[in-house]
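Take a look at the structure set out below.
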Amino acid sequence: MFKTILHLAYKNAFLRRSRAILLIVMIGVSMAIMITLEGLYDGMTVHMIEKTKRSDSGDISLFAKKYRIEGDIRFHINDADKKVSKLKNLTGVKEALWRIESSGLVQTARKSRPAKLIGIDLQAEEQFGKFSDFLQEGSLDFGKNGIFIGNELAKKLGVHLHSKLIFSMQDSKHQLQSVAFRIKAIIHTTNVSLDPQGLYIAREKLNQLLSLEKNSATQIALMSKHTDDAGLQKRIQQEFPNLNVQSFTELYPQLKETEQIFKKFNQISFFIVMSVIFVGILGVMYVSILDRVREFGILLSIGYSYRYIRLQVLFEAVVLGLLGYILGALLGWAFLEYLKNYGLDFRLFSDGLSMFGLDSTLYATIKTAYFSSTFIAIIVASMLSVILPLRKIKILKPIEVIRSIG
Amino acid sequence: MFSLAIKNILFYKGRSLTTFLLTFVSLYLFIVYVAFMNGSHQSMLQNALNVYTGSFQIYQKEYRSKGGYDYLIRDTRKPLQILADTKGLKAFAPRLETFGIASSKTYSHPIMLTGIDFNREEKLSELKKALTQGEYNTHGACLYMGENLAQKLHLHLGDTLSFVGSAVDYSFVAELFEVCGLFKTGMYEFDSQSAFMNRDYFDTLFFSKNMATYIVAMAENLKHNDAVATKVEKKLPQELQLYRWQTLMKSMVQLMEIDSLFGYISMGLFFIVIFFVIMIYGFININARLREFGVLRSIGVSDNKISLLLLLEILLLTLFAFVFALPLGAYTAYYFQIHPIVIEGMSEMYKSYGVVSDKVPTLFDPLTVFYNSLFLFALNLLSIVYPIYYVRSFTPIEETQHV
């Protein structure tokens with residue numbers, strides 16, 4: 001019986017072919033565009049957050065107690081190497097490193113700009129955040145007097161590879177130091193706090209220039225193995241009570257907020273689109289049932305149970321919804337796969353995007369949730385859409401129906 | 001034909017109500033959404049221009065590409081006179097920027113020191129409004145500096161600091177200054193790197209009389225900026241170049257363009273779904289009326305007249321929805337332009353993106369409302385094309401026999 005009902009439902013779903021196809025195309029096209037946008041918006045925030053973590057904060061960063069408020073090199077972390085080793089041994093920590101940073105004035109023959117000089121260890125940075133990915137021009141080798149420069153800062157100063165520049169800063173003994181460097185690489189992290197201001201040199205060298213011990217750091221950053229860092233942050237804080245332990249969210253609240261805004265926007269879009277799709281299915285199902293009132297009257301009068309009619313109508317709606325879903329999932333997946341691999345080229349807007357911490361090519365992400373949540377929503381919408389038409393059948397008096405039509 | 005269309009609209013209530021509601025909701029949402037999007041963009045831009053940038057700036061031709069003292073405006077008198085003779089300008093002023101190291105007793109920090117005419121700047125930028133402590137218009141060796149910069153140097157009002165830099169002839173400049181005023185614009189980088197001093201004493205120190213890095217000007221009305229800028233541009237000496245805010249704020253303009261693009265794409269998604277639903281309802285409606293059309297065509301009503309009837313029906317339904325949605329949407333857009341939504345802490349959160357105000361106003365622009373309405377109107381009319389094509393694919397006999 002069940003098989004017969006299913007067969008009938010399928011046949012009836014396509015009784016009015018144009019109408020059914022229109023509905024399937026509507027569900028498919030809307031769903032494809034919706035999940036493509038969802039994937040693109042998610043991709044934008046995911047890449048923005050991921051690059052910020054890789055280039056700077058990691059999942060958690062440690063600072064000397066007053067450093068974040070005062071920004072003074074005096075408030076640095078001693079024996080950073082030992083602390084990093086200790087952190088690496090903690091459960092949940094994937095990678096850790098330390099950096100030293102000093103703000104100062106960078107000068108060329110013609111221009112000057114406030115900037116920050118960051119002492120890094122290239123090998124550690126590579127393991128931590130694949131630093132080589134950020135290389136825009138040149139080679140990642142500091143050599144004797146080499147310096148890497150953020151691409152936005154290079155633009156502002158009008159400098160290129162091999163250009164000479166001078167950086168002036170105050171060391172830990174409050175003496176002014178000026179050092180000449182030659183640009184070896186131009187770095188593009190898309191991090192809004194680094195690209196317009198960042199300069200990179202070897203960590204040991206900067207410590208030396210700042211008259212600090214070679215294992216001194218202003219920041220220790222770590223990547224966690226799991227996304228939920230709350231427990232880990234607490235454990236680290238207990239382990240290092242004299243340091244200020246801050247999560248990525250605390251350091252970059254605007255990025256987290258942006259992610260939340262995009263998430264809410266996606267949820268609202270999802271709700272509106274699904275509501276309209278529901279209205280579409282409802283209309284089609286309602287008319288489909290009204291068209292066949294006589295048929296249902298006859299079926300009921302020969303003893304066909306209402307239960308079976310209900311099941312048949314339900315199947316009809318689900319078949320249409322499901323076919324629309326399959327079309328939408330296939331189209332959406334194809335769009336997302338393309339955007340994930342090739343991205344959307346927005347080079348025309350590169351300055352604007354970099355202001356927001358985004359690359360000029362926007363890539364999408366693909367999450368199973370896009371497909372599962374849409375599947376559930378479409379099936380639910382299909383099932384709900386038959387409630388009203390079914391009530392019409394339920395109150396049907398078979399004899400009256402046959403008589404009225406006859 | 002018109003009364004027949006009205007009768008059909010009233011008779012097929014389900015289709016009429018759905019089309020009306022969907023059209024109403026989409027138009028209302030579209031008007032309000034676009035008004036908020038444009039309003040927040042304009043507010044962001046206006047704030048940025050008002051704070052410091054102005055609506056256009058004049059540079060020596062190669063300054064922006066090469067920079068440095070070699071490319072300063074050497075004589076500001078002629079361009080300033082041109083600006084004084086031009087109508088439509090709110091204010092204008094020359095600025096001379098230099099970079100150097102400022103030091104308190106213990107701390108040093110790089111700063112951008114700018115020589116300005118405090119009286120002119122008062123009309124031009126938000127610098128005076130940003131005053132938090134001390135005095136704005138000062139004379140002699142007095143600095144008006146960003147609060148964050150003072151904090152970094154551990155300085156308070158009345159404290160002394162030294163500045164080391166170079167004069168425009170590349171000679172060494174070192175001077176002691178007093179902190180006479182503190183300001184806070186909300187733009188973190190600006191507040192932590194900038195200090196201003198009066199132009200007279202600046203010129204004495206830096207040998208920069210009648211020179212400027214650039215001249216900044218603000219149009220009385222931003223909408224007329226292009227026309228005013230063009231007038232000035234025509235009179236400028238050859239070695240000078242005028243840059244409009246669109247070039248000066250290229251990143252921000254692009255950011256807004258891309259935000260608008262994504263906004264329209266998102267709205268496009270809603271329109272596609274709504275378009276399909278309106279079309280499906282129209283199609284269902286037509287399917288149910290095929291016999292009626294068959295009869296009409298059998299008694300001599302032409303295909304074109306039937307198409308016209310269907311077009312008239314959707315036209316009336318659309319217009320009916322517009323009558324309600326348009327004034328309501330426009331009123332909402334206008335209301336929030338006068339009473340902007342305030343999101344506490346927003347500027348603090350997004351200051352690195354140039355957001356300096358917590359207010360999110362709408363922009364009520366009748367022309368934008370008109371174009372958006374026109375677009376939706378066209379889309380609604382388009383939704384009846386396939387149903388019309390479908391009706392015309394039958395012969396009158398097929399239609400009368402249609403079940």
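Residue names in the structure tokens use chain letters A, B, ... in the order shown, residue numbers from 1 in each chain, and ligand numbers from 1 in the order shown.
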
With the cut-off set at 7 Å and counting only C-alpha atoms, tabulate each residue of chain A with an atom at most that distance from an atom of chain B, showing the nearest atom pair and its distance in Å to one decimal, ordered by chain and increasing number, as a tab-separated table.
```
residue	atom	partner	partner_atom	distance
A:Leu22	CA	B:Ile280	CA	6.8
A:Met26	CA	B:Phe276	CA	5.8
A:Ser30	CA	B:Val273	CA	5.8
A:Ile33	CA	B:Leu269	CA	6.6
A:Met34	CA	B:Leu269	CA	6.8
A:Glu70	CA	B:Lys152	CA	6.6
A:Gly104	CA	B:Pro110	CA	5.4
A:Leu105	CA	B:Pro110	CA	5.1
A:Arg110	CA	B:Gly68	CA	4.2
A:Lys111	CA	B:Gly68	CA	5.2
A:Ser112	CA	B:Phe99	CA	5.9
A:Arg113	CA	B:Phe99	CA	6.8
A:Pro114	CA	B:Pro110	CA	5.5
A:Gly158	CA	B:Lys66	CA	6.6
A:Gln170	CA	B:Ser108	CA	6.1
A:His174	CA	B:Thr106	CA	6.3
A:Pro253	CA	B:Met349	CA	7.0
A:Gln254	CA	B:Met349	CA	5.3
A:Val273	CA	B:Phe270	CA	6.4
A:Val276	CA	B:Ile274	CA	6.7
A:Ile277	CA	B:Val273	CA	7.0
A:Gly280	CA	B:Val277	CA	5.1
A:Gly283	CA	B:Tyr281	CA	6.7
A:Phe349	CA	B:Gln254	CA	5.4
A:Asp351	CA	B:Ser251	CA	4.7
A:Gly352	CA	B:Ser251	CA	4.0
A:Leu353	CA	B:Leu255	CA	6.0
A:Met355	CA	B:Ser251	CA	6.4
A:Phe356	CA	B:Tyr353	CA	6.5
```

Those same residues - N, CA, C and O atoms - I'd like them written as a tab-separated table (two decimals), in the first residue's frame.
```tsv
chain	number	residue	atom	x	y	z
A	22	LEU	N	8.16	24.86	-12.18
A	22	LEU	CA	8.36	26.24	-11.68
A	22	LEU	C	8.71	26.22	-10.20
A	22	LEU	O	9.61	26.93	-9.74
A	26	MET	N	12.12	27.32	-8.51
A	26	MET	CA	12.12	28.38	-7.48
A	26	MET	C	12.92	27.94	-6.25
A	26	MET	O	13.80	28.66	-5.77
A	30	SER	N	16.66	29.65	-5.50
A	30	SER	CA	16.74	30.43	-4.26
A	30	SER	C	17.72	29.80	-3.28
A	30	SER	O	18.54	30.48	-2.66
A	33	ILE	N	21.42	30.24	-4.44
A	33	ILE	CA	21.96	31.59	-4.20
A	33	ILE	C	22.15	31.82	-2.70
A	33	ILE	O	23.15	32.38	-2.27
A	34	MET	N	21.16	31.34	-1.93
A	34	MET	CA	21.24	31.57	-0.49
A	34	MET	C	22.49	30.91	0.12
A	34	MET	O	23.23	31.54	0.85
A	70	GLU	N	50.18	50.40	28.82
A	70	GLU	CA	51.25	51.39	28.71
A	70	GLU	C	51.95	51.35	27.35
A	70	GLU	O	52.46	52.37	26.88
A	104	GLY	N	58.05	53.16	16.77
A	104	GLY	CA	59.04	54.20	16.48
A	104	GLY	C	58.72	54.92	15.19
A	104	GLY	O	57.58	54.87	14.72
A	105	LEU	N	59.72	55.57	14.65
A	105	LEU	CA	59.50	56.36	13.43
A	105	LEU	C	60.33	55.75	12.30
A	105	LEU	O	61.53	55.56	12.45
A	110	ARG	N	62.76	60.82	1.89
A	110	ARG	CA	61.76	61.87	1.74
A	110	ARG	C	60.60	61.80	2.73
A	110	ARG	O	59.99	62.81	3.02
A	111	LYS	N	60.28	60.61	3.16
A	111	LYS	CA	59.06	60.49	3.98
A	111	LYS	C	59.33	59.86	5.34
A	111	LYS	O	60.30	59.13	5.50
A	112	SER	N	58.44	60.14	6.27
A	112	SER	CA	58.52	59.54	7.61
A	112	SER	C	57.13	59.05	7.99
A	112	SER	O	56.13	59.63	7.56
A	113	ARG	N	57.07	58.02	8.80
A	113	ARG	CA	55.79	57.51	9.28
A	113	ARG	C	55.99	56.85	10.64
A	113	ARG	O	57.00	56.18	10.85
A	114	PRO	N	55.03	56.98	11.52
A	114	PRO	CA	55.07	56.16	12.74
A	114	PRO	C	54.86	54.70	12.33
A	114	PRO	O	54.05	54.43	11.45
A	158	GLY	N	56.31	54.94	-0.17
A	158	GLY	CA	56.78	54.94	-1.56
A	158	GLY	C	58.07	54.17	-1.72
A	158	GLY	O	58.95	54.56	-2.49
A	170	GLN	N	62.93	54.05	20.91
A	170	GLN	CA	63.50	54.23	22.24
A	170	GLN	C	63.78	52.84	22.82
A	170	GLN	O	62.90	51.96	22.77
A	174	HIS	N	65.62	53.81	27.71
A	174	HIS	CA	65.10	55.11	27.30
A	174	HIS	C	66.07	55.93	26.45
A	174	HIS	O	65.98	57.14	26.36
A	253	PRO	N	37.97	42.28	19.34
A	253	PRO	CA	36.51	42.13	19.51
A	253	PRO	C	35.73	42.49	18.26
A	253	PRO	O	34.68	41.93	18.00
A	254	GLN	N	36.28	43.43	17.46
A	254	GLN	CA	35.54	43.86	16.27
A	254	GLN	C	35.41	42.74	15.25
A	254	GLN	O	34.41	42.65	14.53
A	273	VAL	N	13.93	33.79	3.32
A	273	VAL	CA	13.86	33.01	2.08
A	273	VAL	C	13.00	31.77	2.29
A	273	VAL	O	12.14	31.44	1.46
A	276	VAL	N	9.31	32.59	2.36
A	276	VAL	CA	8.73	32.85	1.04
A	276	VAL	C	8.60	31.53	0.27
A	276	VAL	O	7.59	31.30	-0.43
A	277	ILE	N	9.61	30.67	0.40
A	277	ILE	CA	9.53	29.36	-0.26
A	277	ILE	C	8.30	28.61	0.25
A	277	ILE	O	7.56	27.99	-0.52
A	280	GLY	N	5.29	29.73	-1.43
A	280	GLY	CA	5.25	29.18	-2.79
A	280	GLY	C	4.73	27.75	-2.80
A	280	GLY	O	3.82	27.41	-3.57
A	283	GLY	N	0.99	27.55	-1.94
A	283	GLY	CA	0.11	27.92	-3.05
A	283	GLY	C	-0.06	26.76	-4.02
A	283	GLY	O	-1.19	26.42	-4.40
A	349	PHE	N	38.56	46.58	-6.10
A	349	PHE	CA	38.23	47.16	-4.80
A	349	PHE	C	39.29	46.80	-3.75
A	349	PHE	O	38.99	46.77	-2.57
A	351	ASP	N	41.84	48.22	-2.34
A	351	ASP	CA	42.13	49.15	-1.24
A	351	ASP	C	41.03	49.11	-0.19
A	351	ASP	O	41.30	49.11	1.01
A	352	GLY	N	39.80	49.10	-0.65
A	352	GLY	CA	38.66	49.06	0.28
A	352	GLY	C	38.64	47.78	1.07
A	352	GLY	O	38.40	47.78	2.28
A	353	LEU	N	38.90	46.67	0.40
A	353	LEU	CA	38.88	45.38	1.09
A	353	LEU	C	40.00	45.27	2.12
A	353	LEU	O	39.80	44.74	3.21
A	355	MET	N	41.22	47.63	3.76
A	355	MET	CA	40.86	48.48	4.90
A	355	MET	C	40.02	47.68	5.89
A	355	MET	O	40.00	47.94	7.09
A	356	PHE	N	39.33	46.67	5.37
A	356	PHE	CA	38.47	45.84	6.20
A	356	PHE	C	39.20	44.55	6.60
A	356	PHE	O	38.62	43.67	7.24
```

All residues 7 Å or closer to Phe36 in chain B, only C-alpha atoms, same chain fewer than 2 positions away omitted, as a list in words: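 These residues fall inside the cut-off: Val32, Tyr33, Val34, Asn38, Gly39, Ser40, Pro361, Thr362 and Leu363 of chain B.
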
Please write the residues from the selection above to a file, keeping N, CA, C and O atoms, as a compact mmCIF listing (two decimals), in the first residue's frame.
```txt
# COMPACT_ATOMS: atom_id res chain seq x y z
N VAL B 32 13.75 50.65 2.95
CA VAL B 32 14.35 50.86 4.28
C VAL B 32 15.80 50.34 4.30
O VAL B 32 16.70 51.00 4.81
N TYR B 33 16.00 49.17 3.72
CA TYR B 33 17.34 48.56 3.71
C TYR B 33 18.35 49.46 2.98
O TYR B 33 19.43 49.75 3.50
N VAL B 34 17.96 49.89 1.80
CA VAL B 34 18.87 50.75 1.01
C VAL B 34 19.10 52.09 1.73
O VAL B 34 20.21 52.61 1.74
N ASN B 38 22.79 53.28 2.62
CA ASN B 38 23.33 54.54 2.11
C ASN B 38 23.56 55.54 3.24
O ASN B 38 24.53 56.30 3.23
N GLY B 39 22.65 55.52 4.22
CA GLY B 39 22.76 56.46 5.35
C GLY B 39 24.00 56.20 6.17
O GLY B 39 24.73 57.13 6.53
N SER B 40 24.26 54.91 6.46
CA SER B 40 25.45 54.61 7.27
C SER B 40 26.71 54.94 6.49
O SER B 40 27.69 55.43 7.06
N PRO B 361 22.27 56.54 10.89
CA PRO B 361 21.11 57.20 10.26
C PRO B 361 20.75 56.55 8.93
O PRO B 361 21.54 55.80 8.37
N THR B 362 19.56 56.86 8.46
CA THR B 362 19.18 56.43 7.12
C THR B 362 19.45 57.61 6.19
O THR B 362 19.72 58.72 6.66
N LEU B 363 19.38 57.37 4.91
CA LEU B 363 19.49 58.47 3.96
C LEU B 363 18.22 58.46 3.11
O LEU B 363 18.00 57.52 2.34
```

Among the residues of range 86-151 of chain A, find those DSSP assigns to helix (DSSP H, G or I) from the backbone and print them as a PyMOL selection string. chain A and resi 86-88+122-129+131-134+151

Give me the residues near Asp226 in chain B as a ChimeraX atom specification, where near means some atom within 12 Å (using only C-alpha atoms) and where sequence neighbours in that chain fewer than 3 positions away do not count. /B:55-56,88-89,218-223,229-233,242-246

I need the residues of range 6-168 of chain A that end up classed as strand (DSSP E or B) by DSSP on the backbone, written out as a ChimeraX atom specification. /A:58,60-64,77,93-107,112-120,135-138,146-150,164-168

Name all residues at most 12 Å from Ala154 in chain A (count only C-alpha atoms; drop same-chain ones fewer than 5 positions away) and give them as a ChimeraX atom specification. /A:106-108,111-113,115,136-137,147-149,159-165,183-188,194-199

Quick one: pull the distance between CA of Tyr363 in chain A and CA of Lys340 in chain A, Å, one decimal. 5.1 Å

Exercise: range 319-321 of chain B partners within 6 Å, only C-alpha atoms, chain neighbours under 2 positions left out, as a PyMOL selection string: chain B and resi 20+24+316-317+323-324

Residue nearest Thr160 in chain B - candidates B:Thr204, B:Ser307, B:Ser104, B:Ser125, atoms counted: only C-alpha atoms: B:Ser104

List the neighbours of Phe271 in chain A out to 12 Å using only C-alpha atoms; skip same-chain residues closer than 6 positions along the sequence, and give me the result as an MDAnalysis selection string. (chainID A and resid 31 34 264:265 277:278 373:374 377:378 381) or (chainID B and resid 270)

Using only C-alpha atoms, determine which residues lie at most 12 Å from His156 in chain B, disregarding the query and same-chain residues fewer than 3 positions distant; provide the list as a ChimeraX atom specification. /B:104,132-134,143-153,159-161,178-182

How close does range 190-287 of chain A get to range 52-62 of chain A? List, as a Markdown table, each residue of range 190-287 of chain A within 8 Å, its nearest atom pair and the distance in Å to one decimal, counting only C-alpha atoms.
```
| residue | atom | partner | partner_atom | distance |
| --- | --- | --- | --- | --- |
| A:Thr190 | CA | A:Thr52 | CA | 7.6 |
| A:Asn191 | CA | A:Thr52 | CA | 5.5 |
| A:Gln219 | CA | A:Leu62 | CA | 5.7 |
| A:Ile220 | CA | A:Leu62 | CA | 5.0 |
| A:Ala221 | CA | A:Ser61 | CA | 4.3 |
| A:Leu222 | CA | A:Gly58 | CA | 5.1 |
| A:Met223 | CA | A:Asp59 | CA | 5.1 |
| A:Ser224 | CA | A:Asp59 | CA | 6.1 |
| A:Asp229 | CA | A:Asp59 | CA | 7.3 |
| A:Gln233 | CA | A:Ile60 | CA | 7.1 |
| A:Leu243 | CA | A:Leu62 | CA | 6.3 |
| A:Asn244 | CA | A:Leu62 | CA | 5.5 |
| A:Val245 | CA | A:Leu62 | CA | 4.6 |
| A:Gln246 | CA | A:Ser61 | CA | 5.3 |
| A:Ser247 | CA | A:Ile60 | CA | 4.3 |
| A:Phe248 | CA | A:Asp59 | CA | 5.2 |
| A:Leu251 | CA | A:Ser57 | CA | 7.5 |
```

Could you work out how far CA of Leu153 in chain A lies from CA of Leu96 in chain B, giving the answer in Å with one decimal? 20.9 Å
